[in-house]
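Asker: Okay, so here is my_file_35.tsv, and as you'll see once you scroll down, it has TSV, C-alpha atoms.
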chain	number	residue	atom	x	y	z
A	1	MET	CA	117.81	137.34	117.85
A	2	PHE	CA	117.30	135.73	114.47
A	3	ARG	CA	120.93	134.67	114.40
A	4	LEU	CA	120.61	133.16	117.89
A	5	THR	CA	117.49	131.24	116.89
A	6	ARG	CA	119.24	129.96	113.82
A	7	TRP	CA	122.21	128.90	115.90
A	8	LEU	CA	119.94	127.04	118.34
A	9	ALA	CA	117.78	125.41	115.71
A	10	PRO	CA	118.06	121.62	115.39
A	11	THR	CA	120.25	120.32	112.61
A	12	ALA	CA	118.23	117.18	111.91
A	13	THR	CA	114.54	116.29	111.79
A	14	ALA	CA	113.25	113.01	113.18
A	15	ARG	CA	109.88	111.67	112.11
A	16	ALA	CA	107.24	109.87	114.13
A	17	HIS	CA	105.04	109.23	111.16
A	18	CYS	CA	101.97	107.18	110.37
A	19	ASP	CA	100.64	105.67	107.22
A	20	LEU	CA	98.36	107.67	105.01
A	21	PRO	CA	96.73	104.90	103.02
A	22	CYS	CA	94.44	105.67	100.10
A	23	GLY	CA	92.40	102.61	101.11
A	24	VAL	CA	92.23	101.19	97.59
A	25	TYR	CA	93.44	97.58	97.34
A	26	ASP	CA	92.89	94.88	94.76
A	27	PRO	CA	94.82	91.64	94.07
A	28	GLU	CA	94.38	92.40	90.37
A	29	GLN	CA	97.46	94.62	90.58
A	30	ALA	CA	99.54	91.62	91.63
A	31	ARG	CA	97.79	89.35	89.15
A	32	ILE	CA	98.56	91.52	86.11
A	33	GLU	CA	102.26	91.61	86.99
A	34	ALA	CA	102.22	87.84	87.63
A	35	GLU	CA	100.57	87.28	84.26
A	36	SER	CA	103.41	89.29	82.71
A	37	CYS	CA	105.89	86.92	84.37
A	38	PHE	CA	103.99	83.91	83.05
A	39	ARG	CA	103.83	85.22	79.48
A	40	ILE	CA	107.50	86.19	79.54
A	41	MET	CA	108.37	82.64	80.65
A	42	GLU	CA	106.38	81.27	77.71
A	43	LYS	CA	108.10	83.66	75.31
A	44	TYR	CA	111.50	82.71	76.74
A	45	GLN	CA	110.82	79.04	76.02
A	46	ALA	CA	109.72	79.82	72.45
A	47	ASN	CA	112.79	81.86	71.49
A	48	ALA	CA	116.41	80.66	71.55
A	49	ASP	CA	117.96	84.06	70.75
A	50	GLU	CA	120.45	84.94	73.48
A	51	THR	CA	119.67	88.65	73.50
A	52	PHE	CA	115.93	88.01	73.60
A	53	ARG	CA	116.34	85.61	76.48
A	54	ALA	CA	118.56	87.98	78.45
A	55	ARG	CA	116.02	90.77	78.06
A	56	ALA	CA	113.16	88.43	78.99
A	57	ILE	CA	114.87	87.49	82.24
A	58	GLY	CA	115.45	91.15	83.10
A	59	ILE	CA	111.82	92.04	82.47
A	60	LYS	CA	110.59	89.03	84.44
A	61	GLU	CA	112.75	90.12	87.38
A	62	GLU	CA	111.21	93.61	87.36
A	63	ARG	CA	107.66	92.29	87.09
A	64	ALA	CA	108.21	89.74	89.84
A	65	GLU	CA	109.45	92.50	92.13
A	66	LEU	CA	106.20	94.37	91.46
A	67	VAL	CA	104.19	91.25	92.34
A	68	LYS	CA	106.01	91.11	95.67
A	69	HIS	CA	105.33	94.77	96.28
A	70	HIS	CA	101.61	94.47	95.58
A	71	LEU	CA	101.29	91.32	97.69
A	72	ASP	CA	103.09	93.02	100.57
A	73	VAL	CA	100.80	96.05	100.39
A	74	LEU	CA	97.76	93.78	100.58
A	75	TRP	CA	99.24	91.77	103.41
A	76	HIS	CA	100.44	94.68	105.53
A	77	ASP	CA	97.91	97.38	104.76
A	78	TYR	CA	94.63	95.80	103.69
A	79	PHE	CA	94.41	92.67	105.82
A	80	LYS	CA	93.85	93.16	109.53
A	81	PRO	CA	94.04	90.71	112.45
A	82	GLU	CA	90.23	90.40	112.51
A	83	HIS	CA	90.33	88.99	108.96
A	84	LEU	CA	91.98	85.85	110.34
A	85	GLU	CA	88.53	84.68	111.41
A	86	ALA	CA	87.32	84.60	107.81
A	87	VAL	CA	90.69	83.43	106.42
A	88	PRO	CA	92.55	81.44	109.10
A	89	ASN	CA	95.39	80.48	106.72
A	90	LEU	CA	95.99	84.09	105.62
A	91	HIS	CA	99.64	84.30	106.70
A	92	GLU	CA	100.51	80.92	105.25
A	93	LEU	CA	98.85	81.99	102.00
A	94	PHE	CA	100.92	85.18	101.69
A	95	TRP	CA	104.05	83.38	102.81
A	96	ASN	CA	103.58	80.79	100.08
A	97	ALA	CA	102.68	83.36	97.45
A	98	ASN	CA	105.77	85.47	98.18
A	99	LYS	CA	107.95	82.34	98.22
A	100	GLN	CA	106.50	81.43	94.83
A	101	VAL	CA	107.42	84.88	93.48
A	102	SER	CA	111.02	84.16	94.50
A	103	LYS	CA	110.77	80.87	92.63
A	104	VAL	CA	109.41	82.67	89.56
A	105	LYS	CA	112.42	84.99	89.67
A	106	ALA	CA	114.80	82.04	89.59
A	107	SER	CA	112.86	79.96	87.06
A	108	VAL	CA	111.97	80.09	83.37
A	109	ASP	CA	109.42	77.29	83.64
A	110	PRO	CA	105.89	78.57	82.91
A	111	ALA	CA	104.54	75.96	85.35
A	112	ASP	CA	106.08	78.04	88.17
A	113	GLY	CA	104.38	81.13	86.79
A	114	ARG	CA	101.06	79.28	86.63
A	115	LYS	CA	101.42	78.18	90.23
A	116	LEU	CA	101.92	81.83	91.25
A	117	LEU	CA	98.72	82.77	89.43
A	118	ASP	CA	96.86	80.02	91.31
A	119	LEU	CA	98.15	81.41	94.62
A	120	ILE	CA	97.06	84.92	93.63
A	121	ASN	CA	93.61	83.45	92.92
A	122	ASP	CA	93.61	82.27	96.54
A	123	VAL	CA	94.63	85.77	97.71
A	124	ASP	CA	91.81	87.15	95.59
A	125	ALA	CA	89.36	84.75	97.25
A	126	ALA	CA	90.59	85.92	100.67
A	127	TRP	CA	90.15	89.55	99.62
A	128	LYS	CA	86.60	88.81	98.48
A	129	ALA	CA	85.81	86.79	101.62
A	130	THR	CA	86.67	89.84	103.73
A	131	GLY	CA	84.52	92.24	101.73
A	132	GLY	CA	87.38	93.67	99.68
A	133	PRO	CA	85.49	94.61	96.49
A	134	GLY	CA	82.91	96.69	98.35
A	135	LYS	CA	85.33	98.21	100.86
A	136	THR	CA	88.40	98.99	98.83
A	137	ARG	CA	87.33	99.86	95.29
A	138	VAL	CA	85.54	103.06	94.47
A	139	ALA	CA	82.65	101.28	92.79
A	140	GLY	CA	83.39	97.62	93.50
A	141	ARG	CA	85.53	95.72	91.02
A	142	PRO	CA	84.57	96.60	87.46
A	143	GLY	CA	83.27	93.81	85.25
B	1	MET	CA	104.36	110.77	119.35
B	2	ARG	CA	101.70	113.06	120.82
B	3	PRO	CA	101.31	114.11	123.54
B	4	ALA	CA	104.92	113.42	124.62
B	5	ILE	CA	106.35	115.07	121.51
B	6	GLU	CA	104.50	117.50	119.26
B	7	PRO	CA	105.39	118.27	115.66
B	8	GLY	CA	107.99	121.05	115.62
B	9	ASP	CA	109.42	120.37	119.08
B	10	TRP	CA	113.18	121.00	119.36
B	11	LEU	CA	114.83	118.15	121.23
B	12	LEU	CA	118.22	117.58	122.79
B	13	VAL	CA	119.44	114.09	121.96
B	14	ASP	CA	122.13	112.36	123.97
B	15	PRO	CA	124.21	110.56	121.34
B	16	THR	CA	126.37	108.62	123.81
B	17	PRO	CA	124.23	105.51	124.53
B	18	ILE	CA	125.61	102.39	122.95
B	19	HIS	CA	122.90	100.12	124.39
B	20	TRP	CA	119.13	100.32	124.06
B	21	GLN	CA	117.64	102.55	126.75
B	22	ARG	CA	115.23	101.34	129.39
B	23	ARG	CA	111.65	100.59	128.49
B	24	GLY	CA	109.62	103.78	128.23
B	25	SER	CA	112.51	105.97	127.03
B	26	ILE	CA	112.18	107.97	123.83
B	27	VAL	CA	114.90	107.28	121.30
B	28	VAL	CA	116.02	108.63	117.95
B	29	PHE	CA	117.11	105.98	115.47
B	30	ARG	CA	117.41	105.13	111.79
B	31	GLU	CA	114.42	103.21	110.45
B	32	PRO	CA	115.46	99.69	109.40
B	33	ASP	CA	113.47	99.77	106.19
B	34	GLY	CA	114.41	103.17	104.87
B	35	ASP	CA	117.20	104.80	106.86
B	36	ALA	CA	114.98	107.79	107.76
B	37	LEU	CA	115.61	109.43	111.13
B	38	ALA	CA	112.71	108.53	113.43
B	39	VAL	CA	111.63	109.01	117.02
B	40	LYS	CA	109.72	106.35	119.00
B	41	ARG	CA	109.46	104.92	122.48
B	42	VAL	CA	111.22	101.75	123.67
B	43	ALA	CA	108.41	99.25	124.30
B	44	ALA	CA	110.67	96.26	124.94
B	45	GLY	CA	114.40	95.77	125.13
B	46	PRO	CA	116.98	93.05	124.54
B	47	GLY	CA	115.87	89.66	125.79
B	48	ASP	CA	112.25	90.76	126.30
B	49	ARG	CA	109.35	88.88	124.83
B	50	VAL	CA	106.90	90.66	122.58
B	51	PRO	CA	103.40	89.23	121.95
B	52	PHE	CA	103.25	88.31	118.30
B	53	ALA	CA	100.44	86.56	116.41
B	54	ASP	CA	99.55	83.58	118.64
B	55	GLY	CA	102.98	83.42	120.26
B	56	TYR	CA	105.79	85.82	120.98
B	57	LEU	CA	109.02	87.17	119.62
B	58	GLU	CA	112.08	87.02	121.83
B	59	LEU	CA	114.32	90.00	121.17
B	60	ALA	CA	118.02	89.34	120.66
B	61	ASP	CA	120.76	90.95	122.78
B	62	ASP	CA	121.03	93.94	120.46
B	63	GLU	CA	117.36	94.42	119.57
B	64	ALA	CA	114.55	96.62	120.84
B	65	TRP	CA	110.87	96.88	120.01
B	66	LEU	CA	110.01	100.52	119.32
B	67	MET	CA	106.46	101.84	119.28
B	68	SER	CA	104.49	105.01	118.76
B	69	ASP	CA	102.58	106.44	121.67
B	70	ALA	CA	99.46	106.88	119.55
B	71	SER	CA	97.20	103.87	119.02
B	72	ALA	CA	95.85	102.93	115.59
B	73	GLU	CA	92.46	104.26	116.72
B	74	LEU	CA	93.93	107.68	117.53
B	75	THR	CA	95.82	107.98	114.27
B	76	ALA	CA	92.71	106.82	112.37
B	77	ALA	CA	90.67	109.52	114.11
B	78	ALA	CA	93.20	112.06	112.80
B	79	GLY	CA	92.76	110.71	109.27
B	80	PHE	CA	96.01	108.75	109.16
B	81	GLY	CA	96.65	105.04	108.90
B	82	GLU	CA	98.50	102.84	111.35
B	83	PRO	CA	101.58	104.16	113.16
B	84	ILE	CA	104.82	103.13	111.46
B	85	ASP	CA	106.95	101.41	114.11
B	86	SER	CA	108.19	97.92	115.07
B	87	ARG	CA	104.78	96.54	114.21
B	88	ARG	CA	105.75	97.39	110.64
B	89	TYR	CA	109.49	96.85	110.47
B	90	GLY	CA	110.05	94.46	113.37
B	91	PRO	CA	112.77	94.63	116.02
B	92	VAL	CA	115.39	97.36	115.59
B	93	PRO	CA	119.09	96.48	116.02
B	94	VAL	CA	121.18	98.71	118.28
B	95	ASP	CA	123.39	99.68	115.32
B	96	LEU	CA	120.53	101.94	114.23
B	97	LEU	CA	120.26	103.75	117.58
B	98	VAL	CA	121.22	107.42	117.23
B	99	GLY	CA	120.55	108.59	120.78
B	100	ARG	CA	118.09	109.24	123.58
B	101	ALA	CA	115.80	112.26	123.37
B	102	TRP	CA	115.90	113.68	126.88
B	103	PHE	CA	115.06	117.40	126.81
B	104	ARG	CA	112.79	119.74	124.85
B	105	TYR	CA	114.23	123.25	124.49
B	106	ALA	CA	111.52	124.74	122.29
B	107	PRO	CA	108.79	125.87	122.06
B	108	PHE	CA	109.23	128.00	125.14
B	109	ARG	CA	105.98	127.02	126.86
B	110	ARG	CA	106.86	123.33	126.62
B	111	ILE	CA	110.50	123.45	127.72
B	112	GLY	CA	111.37	120.56	130.00
B	113	ARG	CA	112.67	117.08	130.47
B	114	ILE	CA	111.20	114.30	128.38
B	115	GLY	CA	110.11	111.68	130.83
B	116	ARG	CA	110.24	107.96	130.65
B	117	ILE	CA	106.91	106.16	130.93
B	118	GLY	CA	107.21	103.38	133.47
B	119	HIS	CA	106.14	100.43	131.37
B	120	GLY	CA	106.27	101.99	127.95
B	121	PRO	CA	103.52	101.54	125.38
B	122	ARG	CA	101.15	98.63	125.75
B	123	LEU	CA	102.84	95.79	123.93
B	124	SER	CA	99.54	94.09	123.22
B	125	ASP	CA	98.23	97.19	121.48
B	126	GLY	CA	97.62	96.00	117.97
B	127	ILE	CA	100.85	94.18	117.28
B	128	GLY	CA	100.03	92.94	113.84
B	129	PRO	CA	101.18	89.50	112.81
B	130	ALA	CA	102.23	91.13	109.58
B	131	ALA	CA	105.12	92.82	111.38
B	132	ARG	CA	108.31	91.15	110.40
B	133	GLY	CA	111.90	91.49	111.46
B	134	ASN	CA	114.99	89.77	112.60
B	135	GLY	CA	113.43	88.36	115.73
B	136	ARG	CA	112.36	84.79	116.10
B	137	VAL	CA	108.79	83.60	116.42
Have the structure of the file written as structure tokens, please.

Answerer:
Amino acid sequence: MFRLTRWLAPTATARAHCDLPCGVYDPEQARIEAESCFRIMEKYQANADETFRARAIGIKEERAELVKHHLDVLWHDYFKPEHLEAVPNLHELFWNANKQVSKVKASVDPADGRKLLDLINDVDAAWKATGGPGKTRVAGRPG
Amino acid sequence: MRPAIEPGDWLLVDPTPIHWQRRGSIVVFREPDGDALAVKRVAAGPGDRVPFADGYLELADDEAWLMSDASAELTAAAGFGEPIDSRRYGPVPVDLLVGRAWFRYAPFRRIGRIGRIGHGPRLSDGIGPAARGNGRV
């Protein structure tokens, strides 16, 4: 019987899964990584050593990828269609911010890094306008 | 995919289809954003229009819009977040189709054909504008 059951048992498992979000979101995660990009761009400009510069570009690439990840999590998981009432330009804002991350990846000009920080400020304002600090942090945003 | 499919159901999957099945069919496919094997229902097929943000997406000749049966409200009531389907990863190309789930052969008390729902899931049910894919807005 056991052998028959084993013979009949499926050989693959398909999922029909859902998210299991922790519900904690804060644009600060994206901002810290974006600040890393900005500082690395400044350091790149201040140092002509080839090895230093190569490493700086590699680190900036990693950090920029993290910015994209954190922005995407906010966009897909935190923001909901009803938030468009409070922030009508929400999608354009995230579109521009993610485009700017791509620019930061390809650039070593700190001005591009600064522009990304400005866009993350706008994302932060959208998060606050939709009640983010009270809803998504355990005790509001510290500080 | 409750109540159509319960966790632990054993399904027979017809691997022969080379085109997306009719709306309402349950299909097994590879998720576009992770390659995991998944099971969802065809909500819209090639050439169909899917409500999206303030407009619509028109699916290409090889694309389908796949959705969970459960609504976001139902999954939230069970303690989960939103269903992970085309609202998350956008239209699914036919290359990722594995087959059509058509029969449940275990558990014993639930043996039977897996039916097609006439119109499939409600397309307007919470299609988030954040969903992105290869379709065109």

Asker: May I ask for the distance between atom CA of B:Pro83 and atom CA of A:Cys18, given in Å to one decimal place?

Answerer: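 Here the two named atoms are 4.1 Å from each other.
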
Asker: Between A:Arg63, A:His69, A:Lys80, A:His91, which has the minimum distance to A:Ile32 (counting only C-alpha atoms)?

Answerer: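 Of the candidates, the smallest distance to A:Ile32 is held by A:Arg63.
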
Asker: Could you please tell me, as a PDB file with C-alpha atoms, in the coordinates of the input, which residues of chain A have an atom within 10 Å of chain B when using all atoms listed in the file?

Answerer:
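Result went into part22.pdb, see below:
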ATOM      1  CA  LEU A   8     119.940 127.040 118.340  1.00  0.00           C
ATOM      2  CA  ALA A   9     117.780 125.410 115.710  1.00  0.00           C
ATOM      3  CA  PRO A  10     118.060 121.620 115.390  1.00  0.00           C
ATOM      4  CA  THR A  11     120.250 120.320 112.610  1.00  0.00           C
ATOM      5  CA  ALA A  12     118.230 117.180 111.910  1.00  0.00           C
ATOM      6  CA  THR A  13     114.540 116.290 111.790  1.00  0.00           C
ATOM      7  CA  ALA A  14     113.250 113.010 113.180  1.00  0.00           C
ATOM      8  CA  ARG A  15     109.880 111.670 112.110  1.00  0.00           C
ATOM      9  CA  ALA A  16     107.240 109.870 114.130  1.00  0.00           C
ATOM     10  CA  HIS A  17     105.040 109.230 111.160  1.00  0.00           C
ATOM     11  CA  CYS A  18     101.970 107.180 110.370  1.00  0.00           C
ATOM     12  CA  ASP A  19     100.640 105.670 107.220  1.00  0.00           C
ATOM     13  CA  LEU A  20      98.360 107.670 105.010  1.00  0.00           C
ATOM     14  CA  PRO A  21      96.730 104.900 103.020  1.00  0.00           C
ATOM     15  CA  CYS A  22      94.440 105.670 100.100  1.00  0.00           C
ATOM     16  CA  GLY A  23      92.400 102.610 101.110  1.00  0.00           C
ATOM     17  CA  ASP A  72     103.090  93.020 100.570  1.00  0.00           C
ATOM     18  CA  TRP A  75      99.240  91.770 103.410  1.00  0.00           C
ATOM     19  CA  HIS A  76     100.440  94.680 105.530  1.00  0.00           C
ATOM     20  CA  ASP A  77      97.910  97.380 104.760  1.00  0.00           C
ATOM     21  CA  PHE A  79      94.410  92.670 105.820  1.00  0.00           C
ATOM     22  CA  LYS A  80      93.850  93.160 109.530  1.00  0.00           C
ATOM     23  CA  PRO A  81      94.040  90.710 112.450  1.00  0.00           C
ATOM     24  CA  HIS A  91      99.640  84.300 106.700  1.00  0.00           C
ATOM     25  CA  PHE A  94     100.920  85.180 101.690  1.00  0.00           C
TER      26      PHE A  94
END

Asker: Do a neighbour search on stretch 108-119 of chain B at 7 Å with only C-alpha atoms, toss out local chain neighbours closer than 5 positions, and write the hits as a ChimeraX atom specification.

Answerer: /B:23-25,102-103

Asker: What does the file look like for those residues with C-alpha atoms, as a PDB file, keeping the file's coordinate frame?

Answerer:
ATOM      1  CA  ARG B  23     111.650 100.590 128.490  1.00  0.00           C
ATOM      2  CA  GLY B  24     109.620 103.780 128.230  1.00  0.00           C
ATOM      3  CA  SER B  25     112.510 105.970 127.030  1.00  0.00           C
ATOM      4  CA  TRP B 102     115.900 113.680 126.880  1.00  0.00           C
ATOM      5  CA  PHE B 103     115.060 117.400 126.810  1.00  0.00           C
TER       6      PHE B 103
END

Asker: Given the choices A:Asn98, A:Thr5, A:Asn89, A:Ser107, which gets closest to A:Glu42 if the distance is worked out from only C-alpha atoms?

Answerer: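 Of A:Asn98, A:Thr5, A:Asn89, A:Ser107, the one nearest A:Glu42, counting only C-alpha atoms, is A:Ser107.
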
Asker: Could you work out how far atom CA of A:Asp122 lies from atom CA of A:Glu33, giving the answer in Å with one decimal?

Answerer: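 The value is 15.9 Å.
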
Asker: What does the structure give for the distance between atom CA of B:Gly99 and atom CA of B:Ser71, in Å to one decimal?

Answerer: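 Between atom CA of B:Gly99 and atom CA of B:Ser71 the gap works out to 23.9 Å.
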
Asker: What lies within 6 Å of stretch 60-62 of chain B using all atoms listed in the file, ignoring chain neighbours under 4 positions off, as JSON, numbers by chain?

Answerer: {"B": [46, 47, 93, 94]}

Asker: Find the residue from A:Leu84, A:Val101, A:Ala111, A:Ala129 that sits nearest to B:Asp54; use only C-alpha atoms when measuring.

Answerer: A:Leu84

Asker: Would you place a box with edges along x, y and z of the file around all atoms of stretch 75-92 of chain B listed there, add 4 Å to each of its six sides, and report the centre and edge lengths in Å to one decimal, as lines of an AutoDock Vina configuration file?

Answerer:
center_x = 103.0
center_y = 103.3
center_z = 112.5
size_x = 32.7
size_y = 25.6
size_z = 15.1

Asker: Considering all atoms listed in the file, can you say which of A:Trp127, A:Val73, A:Lys60, A:Trp7 comes closest to A:Arg39?

Answerer: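 Closest residue, counting all atoms listed in the file: A:Lys60.
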
Asker: For a quick check of understanding, using all atoms listed in the file, which of A:Leu4, A:Val24, A:Val67, A:Ile40 has the smallest distance to A:Ala139?

Answerer: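 Using all atoms listed in the file, A:Ala139 sits closest to A:Val24.
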